[in-house]
Amino acid sequence: MSTNPQDQQASVMTGIDRTAIETQIIDFIRAEIQNKSAVLTMATRRDEVEIDSIDIVQVIFNLEEKYGIEVNLSPNTQFETVGELVDALIAFIPEEKLPRS
Amino acid sequence: MTAKATAITGRGVVSSLGLDVAGFTSALFAGECAIDDISDLAPAIRIKYGAPLRNFAALDHFDERTLAYLDRFTQFAAVAARQAWRESGFSDAPPALDRVGVVIGTGVSGIDILDEGFRRFLSGQGRPRPLTVPMTMGSAPASRIAREFGIRGPTFGVTSACASAAHAIIIGNALIRSGLIDVAVVGGTDSCFCDGFLRAWDVLRVVSPDTCRPFSADRRGLIMGEGSAVMVLERAEHAAARGRAPLARFLGGGMTSDAGDLLTPDSTGMTEAMRLALADAGIDADAVDYINAHGTGTVANDRTEAQAINTLFGGRSTPIPVSSTKSMIGHAMGASGAIEAIATIAALRDGLLPPTVNFLRPDPECAVDAVPNVARPADIAVALSNSFAFGGLNVSLAFGRADA
């Protein structure tokens, strides 16, 4: 689930399946990181799973290819949890392209 | 000479003659030639022969995730560096890593990934791969090597076309001499067989339509090669303090620029580079027993290099032996100076001169003893290795046997 209560509220109102998109992006991240057996959730801390700048570039690229969008996020973006990164990435996906429940 | 000499304590090589020092050296002395038909790599151009590393399997050395950000020239360098680091003994007992530097030459940089990326984009198949920029940068091999071993000292690439590795060796050694570091991981790397780069070389009309015959009559040009070699240079006292006997010594080097024609060699600059190498090493021309030539196999280079050699070393009762490793592995571009340094060190260590293969008969305009076709036993103590690049950039390196 999103770490941002307002996002959760908004999702309910628009029918967007927030959990589905979060899971999808977490899967993108899992595909890139070195530690394949790591447990990745929105609450997982970045330093627990060592997400580096290369992983972020790859995730952005794959997300752009999948959704046909532009994700203008720096590979040096600051975040402490996987959830913060996921939220930052979701912000670049237009609402009409997000999965609905 | 020993006052300034630096110990060489590790070597690694990834070449078309062999993927390690033992394989490379035995093929070198056997006079094997790795030049083969490459018309499948870039169809419908004049270049038909080359010496690519067909049997280098990246997945034998790196996992898929790592390969996503290492272009082929960086893969070569990292594998060569692992061999050198292991031979130096630093794999088991690392030195103070902030007192180690990495200087790796490349003439071409990451052309494979760039070529592929442009091809995808221009053919409407998509974008360049996401990590194209860090893959193609000329400092990528140095950066990767530093990361492999946790090296934290000065780390960078140097570039001077076909003299890149030779410049890298001198600069790494200069960092040791300056007192900045104790150990330098030095060498060169290049990967050259993507379609676009072959086509670019094709238009220069310097590539041979058959094979590479340095210093021979009927030579028709250079043959493209690729690969990497890396050495561990170590302050002599540092090596001695850990009880490490040097494999050979790096005595010094000379560097000049012609400041003249871009593609036509100039014997004055070549001669001066060799003279400066001798001066830096603190030795006389008479002390040099063998020269591993730049010896590209082009009409112009070999004639000019022979002239430069005879200016400094002519007049001996027995001519100085001069051979070209490029006759076997082609021209490995920015890696050639390092691969040929490994060949030169092998000659010093094994008392055998590597031959110039494919040699037909002497060319009166190249009056050198080219050690034609067959390796020759010779008890040698000091050798030069030359690298002369497009752009008029000349380097000569002086190596000495461990006990010299």
# chains A, B, ... in the order shown; residues from 1 in each chain; ligands from 1

call {"tool": "residues_around", "arguments": {"residues": "Thr271 of chain B", "least_positions_apart": "2", "cutoff": "8 Å", "atoms": "only C-alpha atoms", "output": "PyMOL selection string"}}
result
chain B and resi 267-269+273-275+308-309+311-312

call {"tool": "write_last_selection", "arguments": {"atoms": "N, CA and C atoms", "output": "mmCIF file, in the first residue's frame"}}
result
data_model
loop_
_atom_site.group_PDB
_atom_site.id
_atom_site.type_symbol
_atom_site.label_atom_id
_atom_site.label_comp_id
_atom_site.auth_asym_id
_atom_site.auth_seq_id
_atom_site.Cartn_x
_atom_site.Cartn_y
_atom_site.Cartn_z
ATOM 1 N N SER B 267 59.620 9.770 -38.762
ATOM 2 C CA SER B 267 60.675 9.019 -38.066
ATOM 3 C C SER B 267 61.352 9.843 -36.977
ATOM 4 N N THR B 268 61.343 11.170 -37.116
ATOM 5 C CA THR B 268 62.002 12.002 -36.104
ATOM 6 C C THR B 268 61.329 11.837 -34.736
ATOM 7 N N GLY B 269 59.997 11.891 -34.731
ATOM 8 C CA GLY B 269 59.266 11.735 -33.476
ATOM 9 C C GLY B 269 59.426 10.345 -32.886
ATOM 10 N N ALA B 273 61.227 9.474 -29.314
ATOM 11 C CA ALA B 273 60.524 8.725 -28.262
ATOM 12 C C ALA B 273 61.414 7.614 -27.720
ATOM 13 N N MET B 274 62.087 6.898 -28.613
ATOM 14 C CA MET B 274 62.989 5.820 -28.169
ATOM 15 C C MET B 274 64.181 6.388 -27.408
ATOM 16 N N ARG B 275 64.720 7.506 -27.896
ATOM 17 C CA ARG B 275 65.866 8.129 -27.221
ATOM 18 C C ARG B 275 65.472 8.576 -25.815
ATOM 19 N N ALA B 308 63.755 4.934 -38.106
ATOM 20 C CA ALA B 308 63.979 5.466 -36.749
ATOM 21 C C ALA B 308 64.856 4.524 -35.940
ATOM 22 N N ILE B 309 64.602 3.228 -36.057
ATOM 23 C CA ILE B 309 65.399 2.240 -35.315
ATOM 24 C C ILE B 309 66.853 2.291 -35.769
ATOM 25 N N THR B 311 68.415 4.764 -37.050
ATOM 26 C CA THR B 311 69.053 6.018 -36.614
ATOM 27 C C THR B 311 69.694 5.835 -35.239
ATOM 28 N N LEU B 312 68.981 5.124 -34.357
ATOM 29 C CA LEU B 312 69.488 4.944 -32.987
ATOM 30 C C LEU B 312 70.356 3.704 -32.819
#

call {"tool": "residues_around", "arguments": {"residues": "Ser387 of chain B", "least_positions_apart": "6", "cutoff": "7 Å", "atoms": "only C-alpha atoms", "output": "number ranges by chain"}}
result
B: 162-163, 166, 294, 337, 394-396

call {"tool": "residues_around", "arguments": {"residues": "Gly23 of chain B", "least_positions_apart": "6", "cutoff": "12 Å", "atoms": "only C-alpha atoms", "output": "list in words"}}
result
Gly12, Val13, Val14, Ser15, Ser16, Leu17, Phe29, Ala30, Glu32, Ala343 and Ala346 of chain B

call {"tool": "write_last_selection", "arguments": {"atoms": "N, CA, C and O atoms", "output": "PDB file, in the first residue's frame"}}
result
ATOM      1  N   GLY B  12      48.147  -9.769 -16.970  1.00  0.00           N
ATOM      2  CA  GLY B  12      46.942 -10.441 -17.460  1.00  0.00           C
ATOM      3  C   GLY B  12      46.751 -10.078 -18.916  1.00  0.00           C
ATOM      4  O   GLY B  12      47.105  -8.976 -19.340  1.00  0.00           O
ATOM      5  N   VAL B  13      46.216 -11.009 -19.676  1.00  0.00           N
ATOM      6  CA  VAL B  13      45.981 -10.710 -21.097  1.00  0.00           C
ATOM      7  C   VAL B  13      44.761 -11.470 -21.607  1.00  0.00           C
ATOM      8  O   VAL B  13      44.506 -12.607 -21.215  1.00  0.00           O
ATOM      9  N   VAL B  14      44.001 -10.775 -22.422  1.00  0.00           N
ATOM     10  CA  VAL B  14      42.856 -11.369 -23.108  1.00  0.00           C
ATOM     11  C   VAL B  14      43.081 -11.053 -24.582  1.00  0.00           C
ATOM     12  O   VAL B  14      42.938  -9.909 -24.999  1.00  0.00           O
ATOM     13  N   SER B  15      43.490 -12.047 -25.342  1.00  0.00           N
ATOM     14  CA  SER B  15      43.892 -11.767 -26.726  1.00  0.00           C
ATOM     15  C   SER B  15      43.386 -12.853 -27.670  1.00  0.00           C
ATOM     16  O   SER B  15      42.956 -13.918 -27.227  1.00  0.00           O
ATOM     17  N   SER B  16      43.502 -12.568 -28.956  1.00  0.00           N
ATOM     18  CA  SER B  16      43.070 -13.551 -29.944  1.00  0.00           C
ATOM     19  C   SER B  16      44.035 -14.738 -30.002  1.00  0.00           C
ATOM     20  O   SER B  16      43.722 -15.760 -30.596  1.00  0.00           O
ATOM     21  N   LEU B  17      45.200 -14.605 -29.371  1.00  0.00           N
ATOM     22  CA  LEU B  17      46.136 -15.745 -29.309  1.00  0.00           C
ATOM     23  C   LEU B  17      45.938 -16.573 -28.055  1.00  0.00           C
ATOM     24  O   LEU B  17      46.512 -17.651 -27.918  1.00  0.00           O
ATOM     25  N   PHE B  29      55.136 -17.707 -29.067  1.00  0.00           N
ATOM     26  CA  PHE B  29      56.436 -18.305 -29.412  1.00  0.00           C
ATOM     27  C   PHE B  29      56.297 -19.393 -30.480  1.00  0.00           C
ATOM     28  O   PHE B  29      57.257 -19.707 -31.183  1.00  0.00           O
ATOM     29  N   ALA B  30      55.094 -19.967 -30.575  1.00  0.00           N
ATOM     30  CA  ALA B  30      54.867 -20.961 -31.625  1.00  0.00           C
ATOM     31  C   ALA B  30      54.619 -20.282 -32.976  1.00  0.00           C
ATOM     32  O   ALA B  30      54.518 -20.954 -34.008  1.00  0.00           O
ATOM     33  N   GLU B  32      51.906 -18.670 -33.923  1.00  0.00           N
ATOM     34  CA  GLU B  32      50.539 -18.862 -34.425  1.00  0.00           C
ATOM     35  C   GLU B  32      49.976 -17.528 -34.907  1.00  0.00           C
ATOM     36  O   GLU B  32      50.309 -16.478 -34.373  1.00  0.00           O
ATOM     37  N   ALA B 343      54.136  -9.346 -24.362  1.00  0.00           N
ATOM     38  CA  ALA B 343      54.995 -10.127 -25.269  1.00  0.00           C
ATOM     39  C   ALA B 343      56.472  -9.820 -25.006  1.00  0.00           C
ATOM     40  O   ALA B 343      57.322 -10.723 -24.987  1.00  0.00           O
ATOM     41  N   ALA B 346      57.566 -11.444 -21.865  1.00  0.00           N
ATOM     42  CA  ALA B 346      57.732 -12.887 -22.102  1.00  0.00           C
ATOM     43  C   ALA B 346      59.084 -13.160 -22.746  1.00  0.00           C
ATOM     44  O   ALA B 346      59.779 -14.124 -22.393  1.00  0.00           O
TER      45      ALA B 346
END

call {"tool": "residues_around", "arguments": {"residues": "segment 74-76 of chain A", "least_positions_apart": "4", "cutoff": "12 Å", "atoms": "only C-alpha atoms", "output": "ChimeraX atom specification"}}
result
/A:51-61,85,88-89 /B:130-131

call {"tool": "residues_around", "arguments": {"residues": "Glu96 of chain A", "least_positions_apart": "6", "cutoff": "12 Å", "atoms": "only C-alpha atoms", "output": "list in words"}}
result
Thr14, Gly15, Ile16, Asp17, Tyr67 and Ile69 of chain A

call {"tool": "write_last_selection", "arguments": {"atoms": "C-alpha atoms", "output": "tab-separated table (two decimals), in the first residue's frame"}}
result
chain	number	residue	atom	x	y	z
A	14	THR	CA	-11.06	7.12	-8.70
A	15	GLY	CA	-11.16	3.33	-8.65
A	16	ILE	CA	-7.45	2.99	-9.34
A	17	ASP	CA	-5.97	-0.28	-8.13
A	67	TYR	CA	3.60	2.62	-20.43
A	69	ILE	CA	5.57	7.58	-20.93

call {"tool": "select_by_dssp", "arguments": {"residues": "chain A", "states": "strand (DSSP E or B)", "output": "PyMOL selection string"}}
result
chain A and resi 16+45+81+100

call {"tool": "residues_around", "arguments": {"residues": "Met42 of chain A", "least_positions_apart": "2", "cutoff": "10 Å", "atoms": "only C-alpha atoms", "output": "list in words"}}
result
Met1, Ser2, Thr3, Glu22, Thr23, Ile26, Leu40, Thr44, Arg45, Thr81, Val82, Gly83, Glu84, Leu85, Val86 and Asp87 of chain A

call {"tool": "atom_distance", "arguments": {"atom1": "atom CA of Arg129 of chain B", "atom2": "atom CA of Ser37 of chain A"}}
result
25.9 Å

call {"tool": "interface_residues", "arguments": {"of": "chain B", "to": "chain A", "cutoff": "12 Å", "atoms": "only C-alpha atoms", "output": "VMD selection string"}}
result
chain B and resid 63 to 70 125 to 135

call {"tool": "residues_around", "arguments": {"residues": "Gly188 of chain B", "least_positions_apart": "6", "cutoff": "6 Å", "atoms": "only C-alpha atoms", "output": "PyMOL selection string"}}
result
chain B and resi 104-106+165+228-229+334-335+338

call {"tool": "atom_distance", "arguments": {"atom1": "atom CA of His331 of chain B", "atom2": "atom CA of Arg119 of chain B"}}
result
25.5 Å

call {"tool": "decode", "arguments": {"residues": "segment 300-338 of chain B", "atoms": "N, CA and C atoms", "output": "CSV table (one decimal), in the first residue's frame"}}
result
chain,number,residue,atom,x,y,z
B,300,ALA,N,53.9,2.6,-45.0
B,300,ALA,CA,54.5,3.8,-44.4
B,300,ALA,C,55.1,3.6,-43.0
B,301,ASN,N,54.3,2.9,-42.1
B,301,ASN,CA,54.8,2.8,-40.7
B,301,ASN,C,56.1,2.0,-40.7
B,302,ASP,N,56.1,0.8,-41.3
B,302,ASP,CA,57.3,0.0,-41.1
B,302,ASP,C,58.5,0.6,-41.7
B,303,ARG,N,58.4,1.2,-42.9
B,303,ARG,CA,59.5,1.9,-43.4
B,303,ARG,C,60.0,3.0,-42.5
B,304,THR,N,59.1,3.8,-42.0
B,304,THR,CA,59.5,4.9,-41.1
B,304,THR,C,60.1,4.4,-39.8
B,305,GLU,N,59.4,3.4,-39.2
B,305,GLU,CA,59.9,2.8,-37.9
B,305,GLU,C,61.3,2.2,-38.1
B,306,ALA,N,61.5,1.5,-39.2
B,306,ALA,CA,62.8,0.9,-39.5
B,306,ALA,C,63.9,2.0,-39.6
B,307,GLN,N,63.5,3.1,-40.2
B,307,GLN,CA,64.4,4.2,-40.3
B,307,GLN,C,64.8,4.8,-38.9
B,308,ALA,N,63.8,4.9,-38.1
B,308,ALA,CA,64.0,5.5,-36.7
B,308,ALA,C,64.9,4.5,-35.9
B,309,ILE,N,64.6,3.2,-36.1
B,309,ILE,CA,65.4,2.2,-35.3
B,309,ILE,C,66.9,2.3,-35.8
B,310,ASN,N,67.1,2.4,-37.1
B,310,ASN,CA,68.4,2.4,-37.6
B,310,ASN,C,69.2,3.7,-37.2
B,311,THR,N,68.4,4.8,-37.0
B,311,THR,CA,69.1,6.0,-36.6
B,311,THR,C,69.7,5.8,-35.2
B,312,LEU,N,69.0,5.1,-34.4
B,312,LEU,CA,69.5,4.9,-33.0
B,312,LEU,C,70.4,3.7,-32.8
B,313,PHE,N,70.0,2.6,-33.5
B,313,PHE,CA,70.6,1.3,-33.3
B,313,PHE,C,71.4,0.8,-34.4
B,314,GLY,N,71.5,1.5,-35.6
B,314,GLY,CA,72.2,1.1,-36.7
B,314,GLY,C,73.7,1.0,-36.4
B,315,GLY,N,74.5,0.4,-37.3
B,315,GLY,CA,75.9,0.4,-37.2
B,315,GLY,C,76.4,-0.7,-36.3
B,316,ARG,N,75.6,-1.5,-35.7
B,316,ARG,CA,76.0,-2.7,-34.9
B,316,ARG,C,76.6,-3.8,-35.8
B,317,SER,N,77.5,-4.5,-35.3
B,317,SER,CA,78.0,-5.6,-36.2
B,317,SER,C,76.9,-6.7,-36.4
B,318,THR,N,76.1,-6.9,-35.4
B,318,THR,CA,74.9,-7.8,-35.6
B,318,THR,C,73.7,-6.9,-35.4
B,319,PRO,N,72.8,-6.8,-36.4
B,319,PRO,CA,71.7,-5.9,-36.3
B,319,PRO,C,70.8,-6.3,-35.1
B,320,ILE,N,70.2,-5.3,-34.5
B,320,ILE,CA,69.3,-5.5,-33.4
B,320,ILE,C,68.0,-6.3,-33.9
B,321,PRO,N,67.6,-7.3,-33.2
B,321,PRO,CA,66.4,-8.0,-33.6
B,321,PRO,C,65.1,-7.1,-33.3
B,322,VAL,N,64.2,-7.1,-34.3
B,322,VAL,CA,63.0,-6.3,-34.2
B,322,VAL,C,61.8,-7.1,-34.7
B,323,SER,N,60.8,-7.4,-33.8
B,323,SER,CA,59.7,-8.2,-34.4
B,323,SER,C,58.4,-7.5,-34.0
B,324,SER,N,57.3,-7.9,-34.8
B,324,SER,CA,56.0,-7.3,-34.6
B,324,SER,C,55.0,-8.4,-34.2
B,325,THR,N,54.4,-8.2,-33.0
B,325,THR,CA,53.4,-9.1,-32.5
B,325,THR,C,52.1,-8.9,-33.3
B,326,LYS,N,52.0,-7.8,-34.0
B,326,LYS,CA,50.8,-7.5,-34.8
B,326,LYS,C,50.6,-8.5,-35.9
B,327,SER,N,51.8,-9.1,-36.3
B,327,SER,CA,51.7,-10.1,-37.4
B,327,SER,C,50.8,-11.3,-37.0
B,328,MET,N,50.6,-11.5,-35.6
B,328,MET,CA,49.9,-12.6,-35.1
B,328,MET,C,48.5,-12.2,-34.6
B,329,ILE,N,48.4,-11.1,-34.0
B,329,ILE,CA,47.1,-10.7,-33.4
B,329,ILE,C,46.5,-9.5,-34.0
B,330,GLY,N,47.1,-9.0,-35.1
B,330,GLY,CA,46.6,-7.8,-35.7
B,330,GLY,C,46.8,-6.6,-34.8
B,331,HIS,N,46.2,-5.5,-35.1
B,331,HIS,CA,46.4,-4.2,-34.4
B,331,HIS,C,45.2,-4.1,-33.4
B,332,ALA,N,45.6,-4.3,-32.1
B,332,ALA,CA,44.5,-4.2,-31.0
B,332,ALA,C,44.3,-2.8,-30.6
B,333,MET,N,44.6,-1.8,-31.4
B,333,MET,CA,44.3,-0.4,-31.2
B,333,MET,C,44.8,0.1,-29.8
B,334,GLY,N,44.0,0.6,-29.0
B,334,GLY,CA,44.5,1.2,-27.7
B,334,GLY,C,45.0,0.1,-26.8
B,335,ALA,N,44.7,-1.1,-27.0
B,335,ALA,CA,45.3,-2.2,-26.2
B,335,ALA,C,46.6,-2.7,-26.6
B,336,SER,N,47.0,-2.3,-27.8
B,336,SER,CA,48.2,-3.0,-28.4
B,336,SER,C,49.5,-2.8,-27.6
B,337,GLY,N,49.6,-1.6,-27.1
B,337,GLY,CA,50.9,-1.3,-26.3
B,337,GLY,C,51.0,-2.2,-25.1
B,338,ALA,N,49.8,-2.5,-24.5
B,338,ALA,CA,49.9,-3.4,-23.3
B,338,ALA,C,50.1,-4.8,-23.6
